[in-house]
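Visitor: The structure is given below, and queries will be raised subsequently.
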Amino acid sequence: MANVLCVLYDDPVDGYPPSYARDGVPAIARYHGGQSTPTPEAIGFKPGELLGSVSGELGLREFLQERGRRLIVTSDKDGPESVFERELPEAEIVISQPFWPAYLTAERIAKAPKLKLALTAGIGSDHVDLQAAIEHGLTVAEVTYSNSISVAEHVVMTILALVRNYIPSYQWVVDGGWNIADCVSRSYDLEGMQVGTVAAGRIGSAVLRRLGPFEVGLHYTDRHRLPAEVEEELGVTFHPNVESLVEVCDVVTINAPLHPETENMFDADLLARMKRGSYLINTARGKICDRDAVARACESGQLAGYAGDVWFPQPAPRDHPWRSMPHHGMTPHTSGTSLSAQARYAAGTREILECWLDGRPIREEYLIVDGGTLAGAGAHSYSEGDATGGSEEAARFKSG
């Protein structure tokens with residue numbers, strides 16, 4: 001019996017929810033641009049349930065058992081004694097999430113001779129060494145677009161939270177205070193500011209569409225320039241490189257995939273080119289930013305604030321400087337795993353598995369690596385190489 005090894009985040013501290021705040025989530029048939037939402041033959045869950053944690057199992061157990069597969073679900077993913085490490089050599093399929101990634105390094109791939117498919121429940125497959133996947137003939141797939149709008153909404157929320165100084169103001173209320181001057185001494189209007197996105201793919205363009213009504217100037221840079229009619233529709237200014245973008249923007253949001261070309265893009269030099277007192281939002285991948293340079297920029301005032309929900313490694317060690325630096329709006333990696341998003345990425349995961357087990361082609365837009373080369377969404381978004389280096393640091397979160 002072939003093994004499917006699935007790594008999901010832990011259940012809530014108080015246990016798996018017996019009930020939910022709402023009775024369901026809206027059904028969405030198509031995304032902006034026309035791509036259909038996942039279309040599996042069936043689903044083994046009720047939309048709106050918590051599916052991304054261990055007890056949720058992405059709603060896959062009954063389906064996989066009917067197909068003669070053994071499903072192993074764990075949150076224990078880091079270190080040589082982890083369940084993930086022990087079960088990996090017998091796994092045919094590994095399912096992981098960007099929010100709680102099981103890093104498939106070259107060393108781990110070499111220890112998994114039966115591994116054929118690395119599947120991301122969500123979007124973003126940089127936790128897989130794509131170069132090693134290519135060399136070993138693996139298929140890498142993800143549920144493209146499934147939670148892009150979820151992330152775009154989080155970006156808009158965090159921009160407003162930083163600019164309007166929402167988080168400290170809320171804390172004054174929680175602490176019993178009414179300190180208006182303290183609340184507004186770092187509060188500004190977003191109106192009239194210049195806002196730019198690094199990459200204008202599905203998430204970046206969705207952010208631009210949502211920010212237009214705020215009457216801001218909109219900018220973007222991307223290695224794939226948008227068609228002229230799309231630029232006109234969005235009212236955006238194109239920049240040929242990230243340097244020219246950050247020099248004119250008050251707010252910069254990063255919406256690019258992580259690969260060797262974007263790793264540590266926002267280093268000390270690039271941060272120094274930003275306007276003093278600008279805001280940086282990162283819901284893409286933590287490793288796109290130099291960890292210590294960001295902390296120093298927040299401490300010096302070069303950045304008025306930094307927010308997002310992506311770290312490296314994940315989970316972040318307890319002494320990660322982004323936990324304690326001033327003027328931040330960091331959360332765990334939650335932007336793309338709302339209960340609404342989970343219904344889509346769980347359905348997409350099942351759709352991919354149905355295709356794989358039935359020997360049918362996986363949707364082109366879901367493919368990252370196929371047939372020994374970058375394919376589908378991977379050919380558009382990634383470059384060959386590895387961005388998993390240093391992921392063993394995540395083990396410190398458990399032992400620290």
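The chains in the structure tokens are called A, B, ... from first to last as shown; in each chain the residues are counted from 1, and the ligands are counted from 1 in the order shown.
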Name the residues in contact with A:Arg223 at a cut-off of 9 Å, using only C-alpha atoms, excluding same-chain residues fewer than 4 positions from it; report them as a short mmCIF file (atom, residue, chain, number, x, y, z; two decimals) with all heavy atoms, in the first residue's frame.

Guide:
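Just written: part-v7.cif:
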data_model
loop_
_atom_site.label_atom_id
_atom_site.label_comp_id
_atom_site.auth_asym_id
_atom_site.auth_seq_id
_atom_site.Cartn_x
_atom_site.Cartn_y
_atom_site.Cartn_z
N ALA A 199 5.90 42.64 -8.20
CA ALA A 199 5.20 41.57 -8.92
C ALA A 199 3.71 41.88 -8.98
O ALA A 199 3.10 42.31 -7.99
CB ALA A 199 5.44 40.19 -8.33
N PRO A 240 10.82 49.54 -14.45
CA PRO A 240 11.62 48.47 -15.02
C PRO A 240 12.38 47.65 -13.99
O PRO A 240 12.86 46.55 -14.28
CB PRO A 240 12.58 49.20 -15.96
CG PRO A 240 12.68 50.59 -15.39
CD PRO A 240 11.33 50.88 -14.82
N ASN A 241 12.51 48.17 -12.78
CA ASN A 241 13.23 47.42 -11.74
C ASN A 241 12.71 47.85 -10.37
O ASN A 241 12.03 48.86 -10.23
CB ASN A 241 14.75 47.64 -11.85
CG ASN A 241 15.12 49.11 -11.88
OD1 ASN A 241 14.78 49.87 -10.98
ND2 ASN A 241 15.82 49.53 -12.94
#

Visitor: Using only C-alpha atoms, which protein or nucleic acid residues come within 6 Å of stretch 99-110 of chain A? Drop anything in the same chain fewer than 3 positions from it, and give the result as a ChimeraX atom specification.

Guide: /A:9,77,96,127-129,132,333

Visitor: Could you jot down the atom CA of A:Ile362 to atom CA of A:Gln35 separation for me, Å, one decimal place?

Guide: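 The value is 14.6 Å.
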
Visitor: Within 12 Å of stretch 168-180 of chain A, which residues of stretch 269-382 of chain A show up? Give each one with its shortest atom-to-atom distance in Å (one decimal) and the two atoms involved, counting only C-alpha atoms, rows by chain then rising residue number, as a Markdown table.

Guide:
| residue | atom | partner | partner_atom | distance |
| --- | --- | --- | --- | --- |
| A:Pro326 | CA | A:Pro168 | CA | 10.9 |
| A:His327 | CA | A:Pro168 | CA | 8.8 |
| A:His328 | CA | A:Pro168 | CA | 10.0 |
| A:Gly329 | CA | A:Pro168 | CA | 9.8 |

Visitor: Output the selection as a PDB file, in the first residue's frame - C-alpha atoms for each residue.

Guide:
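Printed below is selection.pdb as written:
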ATOM      1  CA  PRO A 326       9.273  48.066  16.840  1.00  0.00           C
ATOM      2  CA  HIS A 327       6.334  49.106  14.688  1.00  0.00           C
ATOM      3  CA  HIS A 328       5.582  45.724  13.148  1.00  0.00           C
ATOM      4  CA  GLY A 329       2.300  44.054  12.270  1.00  0.00           C
TER       5      GLY A 329
END

Visitor: Residues of stretch 138-262 of chain A in helix (DSSP H, G or I) according to DSSP, as a count of residues only?

Guide: 55

Visitor: What lies within 10 Å of A:Leu117 using only C-alpha atoms, ignoring chain neighbours under 6 positions off, as a list in words?

Guide: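 Residues meeting the cut-off are Val4, Ala91, Glu92, Ile93, Val94, Ile95, Ala133, Gly137, Leu138, Thr139, Val140, Ala141, Leu353, Trp356, Val369 and Asp370 of chain A.
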
Visitor: With distances taken over only C-alpha atoms, which of A:Ala304, A:Val163, A:Ala343, A:Val143 is nearest to A:Ala377?

Guide: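 So, comparing all the options, the nearest one is A:Val143.
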
Visitor: Using only C-alpha atoms, find the one residue out of A:Arg291, A:Ile159, A:Glu229, A:Val195 that sits nearest to A:Leu245.

Guide: A:Val195

Visitor: When distances are computed from only C-alpha atoms, which of A:Gly301, A:Gly217, A:Pro321, A:Gly348 shows the smallest separation from A:Pro38?

Guide: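 Closest to A:Pro38 of all the choices is A:Gly348.
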